[in-house]
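K.L.:
Below is a structure I'd like to ask you about.
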Amino acid sequence: MTHEIVISGFGGQGVLSMGKILAYSGIMEGKEVSWFPSYGPEQRGGTANVTVILSDKPISSPIVDKYDIAVVLNQPSLEKFEEKVKPGGSIIYDGYGIHNPPKRKDINVYKIDAMDEAVKMNNDKVFNMIVLGGLLKVAPVAQLENVMEGLKKSLPERYHNLLPMNKEAILRGMEIIRQENKAEINEN
Amino acid sequence: MTHEIVISGFGGQGVLSMGKILAYSGIMEGKEVSWFPSYGPEQRGGTANVTVILSDKPISSPIVDKYDIAVVLNQPSLEKFEEKVKPGGSIIYDGYGIHNPPKRKDINVYKIDAMDEAVKMNNDKVFNMIVLGGLLKVAPVAQLENVMEGLKKSLPERYHNLLPMNKEAILRGMEIIRQENKAEINEN
Amino acid sequence: MAKIKGYVEVDIERCKGCDLCVAACPEDVLELQPREVNNKGYHYVYLKNPDNCTGCANCGYICPDACLTVYRKKFA
Amino acid sequence: MAKIKGYVEVDIERCKGCDLCVAACPEDVLELQPREVNNKGYHYVYLKNPDNCTGCANCGYICPDACLTVYRKKFA
Amino acid sequence: MNENNIVNPENIVYKKPKLMNDNYMHYCLGCSHGVVHKIIAEVIEELGLEEKTIGIAPVGCAVFAYNYIDIDWVEAAHGRAPAVATAIKRLNPDKMVFTYQGDGDLAAIGTAETIHACNRGENIAIVFINNAIYGMTGGQMAPTTLPNMKTSTTPRGRDVRMTGNPIKILDMLVQLNGVCFATRHSVHTAAAVKKAKKAIKHAFENAMGGKGTSIVEIVSTCNAGWKMTPVEANNWMVENMFPMYPLGDLKNI
Amino acid sequence: MNENNIVNPENIVYKKPKLMNDNYMHYCLGCSHGVVHKIIAEVIEELGLEEKTIGIAPVGCAVFAYNYIDIDWVEAAHGRAPAVATAIKRLNPDKMVFTYQGDGDLAAIGTAETIHACNRGENIAIVFINNAIYGMTGGQMAPTTLPNMKTSTTPRGRDVRMTGNPIKILDMLVQLNGVCFATRHSVHTAAAVKKAKKAIKHAFENAMGGKGTSIVEIVSTCNAGWKMTPVEANNWMVENMFPMYPLGDLKNI
Amino acid sequence: MSEEISLMKGNEAIAHAAIRYGVDGYFGYPITPQSEIIETLMEAAPWETTGMIVLQAESEVAAINMVYGGAASGKAVMTTSSSPGISLKQEGISYLAGTELPALIVNVQRGGPGLGTIQPSQSDYFQTVKGGGHGDYRLITLAPNSVQEMADFVELGFKLAFKYRNPAMILTDGAIGQMMEKVKLPEFRPRRTEQEIREQCPWAALGKTPDRKPNIHTSLELDPVIMEKNNERFQAKYREIEKNEVRYEKIQCEDAEYLFVAFGSAARICLKTIEMAREEGIKVGLLRPITLWPFPSEIIGQYADKVKGMLVVELNAGQMVEDVRLAVNGKVKVEHYGRLGGIVPTPDAVLGAFKEKVIE
Amino acid sequence: MSEEISLMKGNEAIAHAAIRYGVDGYFGYPITPQSEIIETLMEAAPWETTGMIVLQAESEVAAINMVYGGAASGKAVMTTSSSPGISLKQEGISYLAGTELPALIVNVQRGGPGLGTIQPSQSDYFQTVKGGGHGDYRLITLAPNSVQEMADFVELGFKLAFKYRNPAMILTDGAIGQMMEKVKLPEFRPRRTEQEIREQCPWAALGKTPDRKPNIHTSLELDPVIMEKNNERFQAKYREIEKNEVRYEKIQCEDAEYLFVAFGSAARICLKTIEMAREEGIKVGLLRPITLWPFPSEIIGQYADKVKGMLVVELNAGQMVEDVRLAVNGKVKVEHYGRLGGIVPTPDAVLGAFKEKVIE
Ligand SMILES: Cc1ncc(C[n+]2csc(CCOP(=O)(O)OP(=O)(O)O)c2C)c(N)n1
Ligand SMILES: Cc1ncc(C[n+]2csc(CCOP(=O)(O)OP(=O)(O)O)c2C)c(N)n1
Ligand code: SF4
Ligand code: SF4
Ligand code: SF4
Ligand code: SF4
Ligand code: SF4
Ligand code: SF4
Ligand SMILES: [Mg+2]
Ligand SMILES: [Mg+2]
């Protein structure tokens with residue numbers, strides 16, 4: 001089983017590190033993984049994205065242009081990636097960042113109000129963990145314990161005290177994600 | 001008719017400009033010419049040489065490694081070029097610069113005491129013109145008037161007052177050159 | 001006595017919410033939108049206390065993104 | 001009175017006849033060969049007035065080609 | 001009082017310069033580059049040099065300067081802007097040619113080109129943005145990085161025993177006869193902006209007047225590279241950069 | 001008196017240094033390079049650094065320095081000797097590493113490498129032969145060529161309005177904290193040679209002592225490039241070069 | 001999960017592998033997309049552990065000449081950059097080759113020409129394997145296609161460089177440099193002591209000991225007769241390397257009726273294309289050159305007798321395809337599919353091109 | 001004798017031709033064997049006559065970037081150097097290509113690699129025609145084989161450079177640069193006025209007038225989609241040049257059973273070899289590429305059907321031979337004879353090699 005996932009949002013939204021945690025989780029799960037970022041000049045702002053592939057087999061191309069799952073955290077990301085989701089695939093979007101939700105009918109659409117939830121939790125920093133929780137709910141590519149292992153690996157030692165808070169955020173994300181559309185596939 | 005000539009001596013002996021005058025003379029005579037110098041880092045001393053080719057036909061290679069005539073003005077030059085004279089060709093050497101004269105029997109050997117003559121004429125600068133005179137005697141590749149035209153062309157205007165003196169030196173060179181060996185060619 | 005009043009127009013879509021104008025304003029006129037963002041995702045600046053504005057243009061000079069048009073008028 | 005005498009040996013084949021030692025010698029000891037040249041074609045230096053030499057080594061210091069060995073001895 | 005009384009073109013006291021177009025600038029929020037761009041646009045306009053100016057953009061965050069000011073531009077290879085400007089000015093002596101360069105561009109890879117253009121006294125102006133870091137490539141150490149300052153290639157702070165002290169390139173350049181004007185400014189307050197503008201104007205006038213090379217250093221912030229907010233960066237600059245790079249004229253003849 | 005009384009090893013007061021081999025030097029008659037080579041050979045010997053020294057030869061007339069002094073040598077690309085020396089010294093901190101460079105090499109194409117090695121305070125010594133010309137390539141203008149001086153690329157004399165003034169690179173380098181010793185000498189008299197030797201010795205000691213970068217400029221002649229006899233060249237140097245490049249220490253800490 | 005497996009970028013892998021291999025010195029100048037290499041090194045501060053020197057140079061030109069100096073003293077030294085920076089190093093690279101010094105250079109390619117783009121590209125193939133610098137020389141060229149190979153080729157590059165006294169290049173690109181994959185880093189290996197270097201590299205300029213002649217490193221020789229001899233020695237060495245060091249990978253080539261030839265990131269994409277093609281029943285294999293020089297001409301020549309056609313896939317306008325054609329020498333059709341300017345083709349685009357150009 | 005004929009070095013001919021052609025600016029740094037070019041210009045002081053600017057730059061890197069600047073302002077500008085100096089210019093050359101600016105660069109080659117030798121060589125062929133700099137670009141490359149052509153190709157080089165907005169290179173060597181031959185210099189041609197430049201080169205950065213948008217010269221494009229388009233435009237232009245601008249000379253090819261392929265000074269030597277071979281009754285001709293890029297592949301391909309074998313003669317270890325083989329595509333044997341490190345082969349050595357390698 002191979003999951004080709006793209007995560008996309010504003011520069012500061014923790015897109016790349018969310019991808020990294022996901023990839024580490026995959027490793028903990030014993031999978032092959034690849035993580036391929038968009039990269040550019042350093043200026044802040046603008047949109048960043050990362051392609052994460054998790055697979056039971058060696059990964060051939062780390063670069064793809066159709067995705068099983070797209071996680072989009074702002075409007076430009078949705079505009080860029082909506083059309084690149086495979087029919088029958090899924091899109092997850094954040095309700096705060098996106099005003100015009102996805103329109104495609106042949107994909108599963110999930111909404112997660114992660115930003116609002118983060119504000120509620122009084123902690124901007126967990127925004128991307130909430131999203132990750134949502135993603136893991138939709139596509140359980142790794143078990144929670146392995147995700148926590150991956151998180152541990154990808155955080156410097158000095159931040160390990162934050163692990164419980166992150167776990168809570170992930171769990172919260174799993175709870176609050178809601179399906180808005182179920183893919184209608186016309187096989188003809 | 002093609003003449004492939006090399007002139008070789010110490011850096012300061014006016015070898016390159018002698019070659020240039022010869023080449024210009026050839027042009028005045030209506031010939032095709034080429035002039036190819038040895039070149040190196042600028043330091044004084046060491047040996048310089050120039051290959052001059054005069055021909056009725058377009059010149060193919062300006063670089064050759066057998067010569068019809070070699071004019072050698074110091075010992076290292078003789079050592080380098082004696083073997084490169086074509087059988088039946090000629091070598092011209094200056095008696096002051098060369099202590100061990102050429103040994104080959106299959107070439108014509110000419111001696112010219114140009115340095116001594118220049119001292120006699122009280123003018124170091126005409127040394128190379130005396131040698132040129134000798135060369136022209138041995139191989140009349142250009143008529144004197146054309147040589148003088150060539151000289152004029154190759155000298156900056158401000159030195160044109162020196163033309164008569166140079167002419168005298170060339171004539172002197174024609175006079176003092178002496179044949180020391182006549183080529184014995186074994187055609188077998 | 002003549003009274004000087006100012007006003008500042010913000011080009012919201014150019015504004016990156018850098019806060020420099022806010023810090024530079026001597027009259028506490030400006031503030032970043034606490035929640036609203038523009039299309040680039042920035043909390044842009046708005047006039048919290050427009051009446052305080054003197055039109056001194058400090059904000060305009062230091063805005064790196066040339067978002068601000070500053071007006072100033074003397075009232076009799 | 002003690003008398004100091006000097007002498008200079010010239011490595012003729014290294015000498016390029018640059019004349020610097022000649023100019024540097026305070027005792028007019030040295031001169032370039034007016035006619036003779038070495039194998040490189042240079043008019044090398046020789047001791048024209050060897051008796052004048054004091055072994056001050058000026059010539060040696062400034063010779064760029066390290067041709068000169070300078071001797072110096074005090075005679076009682 | 002109604003704001004409509006005020007919002008009227010005749011009451012405008014500050015606005016985006018005419019020569020600056022509407023393109024959205026790629027710079028990080030709060031980056032000093034934008035302020036300097038505005039100044040340059042204003043000065044060109046005020047001197048009436050729109051049709052005579054050729055700007056040389058560097059490799060650095062300001063590489064896209066050409067997208068924002070509507071004059072003719074040439075984007076130079078990293079560090080080579082002074083060489084590029086030299087040729088353009090020599091070949092077109094009646095034009096106003098200026099370079100716009102960062103500290104990495106001007107004082108690291110471009111050291112030779114900077115010094116020799118200044119030494120020849122090329123009639124150009126150099127606007128030098130010293131933000132003590134390589135902004136564009138992600139915040140590496142620049143020649144002007146302060147001692148103990150953290151950058152991505154000096155994660156524990158610049159150790160001057162390993163990497164040398166910050167280079168005060170202006171102090172070196174003023175020694176060259178070709179330099180007619182060398183000055184240091186900043187753009188963190190309205191007053192500073194006005195002074196910097198005067199300096200740049202003077203530099204551009206020198207370039208047109210054939211007086212030699214003028215160089216205007218703008219001590220700047222790179223809040224992204226410094227990992228601060230723009231406001232913090234300004235304060236940090238005043239506290240830390242100004243002592244090392246004191247503002248004011250170093251030469252003006 | 002019999003000369004044999006004198007010609008005896010024990011009476012030798014001056015001779016070719018031991019570290020200088022018998023190879024015939026390629027330099028023009030009277031070239032200053034040879035004198036400086038002798039000094040370097042003597043200093044290395046006197047400091048007992050034969051086994052610890054690595055010399056960096058430039059591209060310039062002294063490119064063949066490696067043929068004459070029997071130590072380990074690395075021939076650097078034109079202008080890059082300070083970079084080459086930087087790495088060798090950093091990787092081998094107990095070695096004595098020096099560069100030997102001409103004015104074209106050090107102050108034209110190598111300007112950036114020179115300035116940055118000095119700024120980092122690399123523990124190396126730089127011997128800088130300033131003969132105000134590109135000797136090796138046939139006498140073109142160097143950055144240090146004097147105003148109105150004729151060279152093959154300034155056949156009517158260097159016009160400083162076109163090419164700039166001579167660069168006094170030492171005056172720029174002394175401003176850098178990394179430089180511990182900067183001094184100017186010549187080798188046209190025995191006394192001068194002795195002083196130059198002391199300076200080079202000090203520089204080499206600094207390099208071993210980890211005190212930073214030392215640079216010894218030797219104001220030199222290039223009689224071939226200057227189109228004079230060696231003796232004329234020395235006189236011309238005293239008259240014309242010394243006023244522009246005054247001898248003496250610029251920095252010694 | 002073994003503790004040894006980490007997830008990191010190709011650029012980071014190079015840095016960590018260099019420290020572990022016992023590299024003595026790194027000299028570099030920042031440029032996207034490879035600045036992580038120097039940043040990772042600076043973060044790791046190996047001068048405090050292995051003694052490795054890491055220096056941010058004032059320019060790429062300075063950096064390559066630092067490498068030249070370090071190499072001349074027998075040290076294992078390296079530099080890394082990306083395309084424009086590599087162009088600036090060409091004189092220095094030619095000097096390394098002309099002086100027969102071992103060194104490792106990494107080019108994390110981006111699209112050109114000029115300042116170009118920072119996205120991945122393979123358009124410096126010619127520059128690398130034909131000679132971007134002047135003179136007849138060759139760079140041993142390794143083309144990793146994974147983060148693991150980024151790590152592994154540091155050691156391989158140095159081994160080959162020292163074995164043949166020749167600079168080696170890792171030619172990779174922004175995709176491999178920026179992506180993260182699992183990687184097993186090599187074991188730590190102590191840096192060689194000066195004594196070891198003096199023994200293993202008797203040519204090293206480390207100070208002349210009385211038992212030997214001076215070690216002189218120069219590429220200059222004014223006597224053309226000697227210079228020609230030097231060049232003939234280089235050429236003989238190159239022939240030797242061509243004989244011994246060709247490396248490539250064959251993937252599903254046994255029954256292949258068609259062949260892809262691709263290296264580095266392009267080869268990764270072809271892997272997926274092969275999967276797709278095989279699903280459609282098209283028998284296609286991939287020949288992946290690992291050494292770009294020496295080039296696997298012989299094996300490609302052999303396949304020319306077996307397959308019906310070849311497609312060379314590159315992130316450029318057609319460079320390696322020339323070497324493939326030279327190897328094939330007219331025996332079979334060799335087509336090229338390339339994308340330019342930082343675009344990385346998708347596997348289906350490659351498949352489409354393959355069908356259009358190669359299968360009639 | 002016409003007054004117009006002079007005797008001069010190839011290097012001098014380039015300088016005089018540049019002045020007469022109305023070149024606007026020369027920027028260079030001395031290096032043997034081509035310093036006569038800048039020296040001749042400085043002696044001629046054209047700034048006093050035609051207004052041409054001549055500047056000795058602080059380095060080759062500065063010089064090529066001056067050329068870049070001058071070219072961006074629409075001027076006819078040039079630089080000259082020799083092999084190591086040309087290596088330093090590679091970044092700048094790639095920028096010129098990436099920004100589509102016309103300029104003339106002259107490489108008077110010497111032997112390499114490294115500092116090498118100052119004697120003639122042709123070992124920068126690959127560097128020139130394949131891309132010494134980074135990215136997919138091409139240099140229009142002219143290879144003169146006489147002093148006359150040195151003079152003539154200044155004009156030709158600029159014409160092509162401006163026609164296609166692409167840098168052009170004269171690739172020659174120390175032999176052609178240093179030798180004197182008769183030459184007829186071109187007529188004086190006035191330099192273009194600013195008005196003319198504005199008309200002929202509307203892209204020139206000369207100050208924005210109200211009637212047009214800003215002229216911006218940049219090779220940067222971060223959007224790979226646009227960057228690919230740029231590159232596709234370059235490639236289309238290159239195809240156009242390949243279609244229109246191939247130049248070569250055929251000598252005694254009509255009845256040839258064998259073919260020499262050689263350029264520049266090597267071609268001169270082959271001329272004599274042909275004479276010698278024909279005296280022995282061997283029918284051999286010479287195909288001399290004048291443009292090295294675009295390469296005369298088509299005509300060589302045609303001869304592959306006619307002759308029994310080809311010998312490529314170069315002053316290098318085998319570079320152009322690859323392009324000949326690509327053109328021949330296996331149809332006939334293509335052998336190589338090269339001398340290295342500054343050695344210029346003699347005509348009989350070439351004849352010997354020909355007999356040994358090509359005639360069985
Ligand atoms: C030859 C070359 N080397 C390196 C780079 C990468 N690079 C781009 S910008 C830059 C430094 C920018 O720093 P600075 O000049 O200080 O400008 P800033 O971004 O800080 O304004 C570097 C190293 C490049 N593009 N070209
Ligand atoms: C990259 C490069 N550029 C130019 C040259 C040619 N070149 C050799 S030596 C030299 C200048 C020498 O002048 P200087 O450094 O003053 O040394 P000098 O010969 O005067 O002692 C030049 C330009 C070269 N070899 N390499
Ligand atoms: S004009 Fe002055 S008072 Fe008004 S908002 Fe701006 S800074 Fe504040
Ligand atoms: S300074 Fe400009 S960009 Fe920054 S917050 Fe104020 S208006 Fe917005
Ligand atoms: S030692 Fe002194 S006195 Fe003797 S020759 Fe030399 S310089 Fe003259
Ligand atoms: S200084 Fe030396 S080289 Fe010159 S003349 Fe005297 S001994 Fe000869
Ligand atoms: S990285 Fe620094 S210099 Fe660059 S745009 Fe951002 S703040 Fe400005
Ligand atoms: S050219 Fe000048 S520097 Fe070079 S060896 Fe001759 S005199 Fe010395
Ligand atoms: Mg900066
Ligand atoms: Mg010099």
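Within each chain, counting starts at residue 1; across the structure tokens, chains are named A, B, ... in the order shown, with ligands numbered 1 upward in that order.
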Contacts of Leu96 in chain G at 8 Å or less, counting only C-alpha atoms, minus same-chain residues fewer than 6 places along, as a PyMOL selection string?
P.N.:
(chain G and resi 68+102-103+166-167) or (chain H and resi 114)
K.L.:
Fewer than 5 positions away in the same chain doesn't count, so skip those; otherwise give me all residues within 10 Å of Asn39 in chain D, counting only C-alpha atoms, as a list in words.
P.N.:
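Everything that qualifies: Asn74, Gln75, Pro76, Gly97 and Ile98 of chain B; Ile12, Glu13 and Arg14 of chain D.
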K.L.:
Let me see the file: selected residues, C-alpha atoms, as a compact mmCIF listing (two decimals), in the first residue's frame.
P.N.:
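In the end it all went to out_38.txt:
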# COMPACT_ATOMS: atom_id res chain seq x y z
CA ASN B 74 74.28 31.22 -30.34
CA GLN B 75 75.38 27.78 -29.31
CA PRO B 76 72.05 26.49 -27.93
CA GLY B 97 78.19 33.44 -30.69
CA ILE B 98 79.20 29.97 -31.68
CA ILE D 12 80.45 32.67 -13.72
CA GLU D 13 77.75 30.50 -15.22
CA ARG D 14 75.10 31.84 -12.83
K.L.:
When you get a sec, could you note down which chain G residues fall within 9 Å of chain F, using only C-alpha atoms, as a ChimeraX atom specification?
P.N.:
/G:24-25,27,52-53,55,57-59,61-73,75,91-92,95,194,204-210,213-220
K.L.:
Tell me, as a list in words, which residues lie within 9 Å of Ser123 in chain H, counting only C-alpha atoms; anything in the same chain fewer than 6 positions away does not count.
P.N.:
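Answer for this query is His134, Gly135 and Asp136 of chain G; Ser83, Gln109, Arg110, Gly111, Gly112, Pro113, Glu314, Leu315, Asn316, Ala317, Gly318, Gln319, Leu340 and Gly341 of chain H.
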K.L.:
List all protein, DNA and RNA residues that have any atom at most 7 Å from ligand 6, counting only C-alpha atoms and all ligand atoms, and write the list as a list of chain:residue names.
P.N.:
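Here is the list of contacting residues: D:Val10, D:Arg14, D:Cys15, D:Lys16, D:Gly17, D:Cys18, D:Asp19, D:Leu20, D:Cys21, D:Val22, D:Leu32, D:Tyr44, D:Val45, D:Cys59, D:Ile62, D:Cys63, D:Pro64, D:Asp65, D:Ala66, D:Cys67, D:Leu68, F:Leu29, F:Gly30.
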K.L.:
For range 254-260 of chain H, work out the shell of residues within 7 Å, counting only C-alpha atoms and skipping chain neighbours fewer than 5 positions away, then give it as a list of chain:residue names.
P.N.:
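In the requested format, the answer is H:Lys283, H:Val284, H:Gly285, H:Leu286, H:Leu287, H:Val307, H:Lys308, H:Gly309, H:Met310, H:Leu311, H:Val312.
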K.L.:
Generate the output file for the selected residues, C-alpha atoms, as a compact mmCIF listing (two decimals), in the first residue's frame.
P.N.:
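For reference, out-v5.txt as written:
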# COMPACT_ATOMS: atom_id res chain seq x y z
CA LYS H 283 43.22 10.67 -52.31
CA VAL H 284 42.48 12.54 -49.15
CA GLY H 285 40.52 15.70 -48.54
CA LEU H 286 39.99 18.06 -45.67
CA LEU H 287 36.69 19.08 -44.17
CA VAL H 307 34.73 7.93 -47.93
CA LYS H 308 36.48 4.89 -46.56
CA GLY H 309 37.60 6.48 -43.34
CA MET H 310 38.10 9.71 -41.50
CA LEU H 311 40.88 11.07 -39.36
CA VAL H 312 40.12 13.83 -36.93
K.L.:
Excluding range 152-157 of chain E and residues on its chain fewer than 2 positions from it, collect all residues at most 10 Å away from it, counting only C-alpha atoms, and give them as a compact mmCIF listing (two decimals) with N, CA and C atoms, in the first residue's frame.
P.N.:
# COMPACT_ATOMS: atom_id res chain seq x y z
N ILE E 133 24.05 39.74 7.15
CA ILE E 133 23.66 38.34 6.95
C ILE E 133 23.38 38.10 5.46
N TYR E 134 23.41 36.84 5.08
CA TYR E 134 22.95 36.46 3.75
C TYR E 134 21.46 36.19 3.85
N THR E 137 19.69 33.40 0.97
CA THR E 137 19.97 31.97 1.01
C THR E 137 19.65 31.35 2.36
N GLY E 138 19.07 32.13 3.25
CA GLY E 138 18.61 31.51 4.48
C GLY E 138 19.40 31.90 5.71
N GLY E 139 20.04 33.05 5.65
CA GLY E 139 20.60 33.56 6.89
C GLY E 139 21.96 33.04 7.28
N GLN E 140 22.86 32.88 6.32
CA GLN E 140 24.22 32.51 6.66
C GLN E 140 25.05 33.74 7.06
N MET E 141 26.19 33.47 7.65
CA MET E 141 27.10 34.53 8.05
C MET E 141 27.53 35.36 6.83
N ALA E 142 27.57 36.67 7.01
CA ALA E 142 28.11 37.58 6.01
C ALA E 142 29.42 38.12 6.53
N THR E 145 28.69 40.23 9.51
CA THR E 145 28.02 39.66 10.69
C THR E 145 28.78 40.05 11.96
N LEU E 146 28.03 40.42 13.00
CA LEU E 146 28.67 40.88 14.23
C LEU E 146 29.29 39.72 15.01
N PRO E 147 30.28 40.03 15.82
CA PRO E 147 30.85 38.98 16.68
C PRO E 147 29.76 38.36 17.54
N ASN E 148 29.81 37.05 17.65
CA ASN E 148 28.87 36.27 18.46
C ASN E 148 27.43 36.26 17.95
N MET E 149 27.23 36.86 16.81
CA MET E 149 25.88 36.86 16.24
C MET E 149 25.57 35.48 15.67
N LYS E 150 24.35 35.02 15.94
CA LYS E 150 23.95 33.70 15.45
C LYS E 150 23.42 33.79 14.03
N ASP E 159 32.27 33.24 15.77
CA ASP E 159 33.49 33.16 16.54
C ASP E 159 34.58 33.86 15.74
N VAL E 160 34.94 35.05 16.16
CA VAL E 160 35.85 35.85 15.32
C VAL E 160 37.23 35.20 15.20
N THR E 163 36.47 33.00 12.12
CA THR E 163 35.94 33.56 10.87
C THR E 163 36.37 35.00 10.65
N GLY E 225 16.35 36.54 8.86
CA GLY E 225 17.65 35.92 9.12
C GLY E 225 18.02 36.04 10.59
N TRP E 226 17.65 37.15 11.16
CA TRP E 226 18.01 37.37 12.57
C TRP E 226 17.07 36.62 13.51
N PRO G 30 27.71 29.59 0.55
CA PRO G 30 26.30 29.22 0.49
C PRO G 30 25.70 29.42 -0.90
N SER G 35 22.75 24.79 0.60
CA SER G 35 23.34 25.44 1.77
C SER G 35 23.21 24.59 3.04
N GLU G 36 22.28 23.64 3.03
CA GLU G 36 22.16 22.76 4.21
C GLU G 36 23.45 22.00 4.48
N ILE G 37 24.25 21.80 3.46
CA ILE G 37 25.48 21.03 3.70
C ILE G 37 26.38 21.77 4.67
N ILE G 38 26.69 23.01 4.36
CA ILE G 38 27.56 23.76 5.26
C ILE G 38 26.84 24.05 6.59
N GLU G 39 25.54 24.27 6.53
CA GLU G 39 24.80 24.54 7.77
C GLU G 39 24.82 23.33 8.70
N THR G 40 24.64 22.17 8.11
CA THR G 40 24.66 20.96 8.93
C THR G 40 26.04 20.76 9.55
N LEU G 41 27.06 21.03 8.75
CA LEU G 41 28.42 20.89 9.27
C LEU G 41 28.68 21.88 10.40
N MET G 42 28.24 23.10 10.22
CA MET G 42 28.48 24.12 11.24
C MET G 42 27.72 23.78 12.52
N GLU G 43 26.54 23.23 12.35
CA GLU G 43 25.75 22.82 13.51
C GLU G 43 26.45 21.67 14.24
N ALA G 44 27.00 20.75 13.47
CA ALA G 44 27.64 19.58 14.07
C ALA G 44 28.99 19.91 14.70
N ALA G 45 29.60 21.01 14.26
CA ALA G 45 30.87 21.47 14.82
C ALA G 45 31.91 20.35 14.94
N VAL G 54 35.88 23.26 9.13
CA VAL G 54 34.78 23.72 8.27
C VAL G 54 34.89 25.23 8.15
N LEU G 55 35.02 25.69 6.93
CA LEU G 55 35.22 27.13 6.75
C LEU G 55 34.30 27.66 5.67
N GLN G 56 33.59 28.72 6.01
CA GLN G 56 32.79 29.41 4.99
C GLN G 56 33.72 30.37 4.26
K.L.:
Only residues of chain H matter here; which ones have an atom within 12 Å of chain A, counting only C-alpha atoms? Give them as an mmCIF file with N, CA, C and O atoms, in the first residue's frame.
P.N.:
data_model
loop_
_atom_site.group_PDB
_atom_site.id
_atom_site.type_symbol
_atom_site.label_atom_id
_atom_site.label_comp_id
_atom_site.auth_asym_id
_atom_site.auth_seq_id
_atom_site.Cartn_x
_atom_site.Cartn_y
_atom_site.Cartn_z
ATOM 1 N N GLU H 221 14.561 33.180 -13.011
ATOM 2 C CA GLU H 221 13.124 32.953 -13.080
ATOM 3 C C GLU H 221 12.803 31.825 -12.115
ATOM 4 O O GLU H 221 13.218 30.694 -12.335
ATOM 5 N N LEU H 222 12.124 32.155 -11.049
ATOM 6 C CA LEU H 222 11.889 31.135 -10.027
ATOM 7 C C LEU H 222 10.732 30.212 -10.362
ATOM 8 O O LEU H 222 10.633 29.123 -9.831
ATOM 9 N N ASP H 223 9.868 30.644 -11.247
ATOM 10 C CA ASP H 223 8.757 29.774 -11.623
ATOM 11 C C ASP H 223 9.246 28.800 -12.691
ATOM 12 O O ASP H 223 9.563 29.208 -13.816
ATOM 13 N N PRO H 224 9.305 27.527 -12.356
ATOM 14 C CA PRO H 224 9.884 26.586 -13.324
ATOM 15 C C PRO H 224 9.093 26.502 -14.626
ATOM 16 O O PRO H 224 9.670 26.197 -15.671
#
K.L.:
Ligand 7: which residues are within 6 Å, counting only C-alpha atoms and all ligand atoms, as a list in words?
P.N.:
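The distance check yields Glu42 and Gln43 of chain A; Tyr27, Cys28, Cys31, Cys61, Gly135, Met136, Cys222, Asn223, Ala224 and Gly225 of chain E.
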K.L.:
Please provide the set of residues having any atom within 8 Å of Arg178 in chain A, restricted to only C-alpha atoms, with same-chain residues fewer than 6 positions apart removed, written as an mmCIF file with N, CA and C atoms, in the first residue's frame.
P.N.:
data_model
loop_
_atom_site.group_PDB
_atom_site.id
_atom_site.type_symbol
_atom_site.label_atom_id
_atom_site.label_comp_id
_atom_site.auth_asym_id
_atom_site.auth_seq_id
_atom_site.Cartn_x
_atom_site.Cartn_y
_atom_site.Cartn_z
ATOM 1 N N TYR A 110 -12.723 16.578 3.499
ATOM 2 C CA TYR A 110 -12.796 16.670 4.962
ATOM 3 C C TYR A 110 -12.452 18.082 5.389
ATOM 4 N N LYS A 111 -13.138 18.538 6.388
ATOM 5 C CA LYS A 111 -12.853 19.855 6.931
ATOM 6 C C LYS A 111 -12.380 19.688 8.369
ATOM 7 N N ILE A 112 -11.358 20.466 8.707
ATOM 8 C CA ILE A 112 -10.906 20.441 10.088
ATOM 9 C C ILE A 112 -10.699 21.878 10.544
#
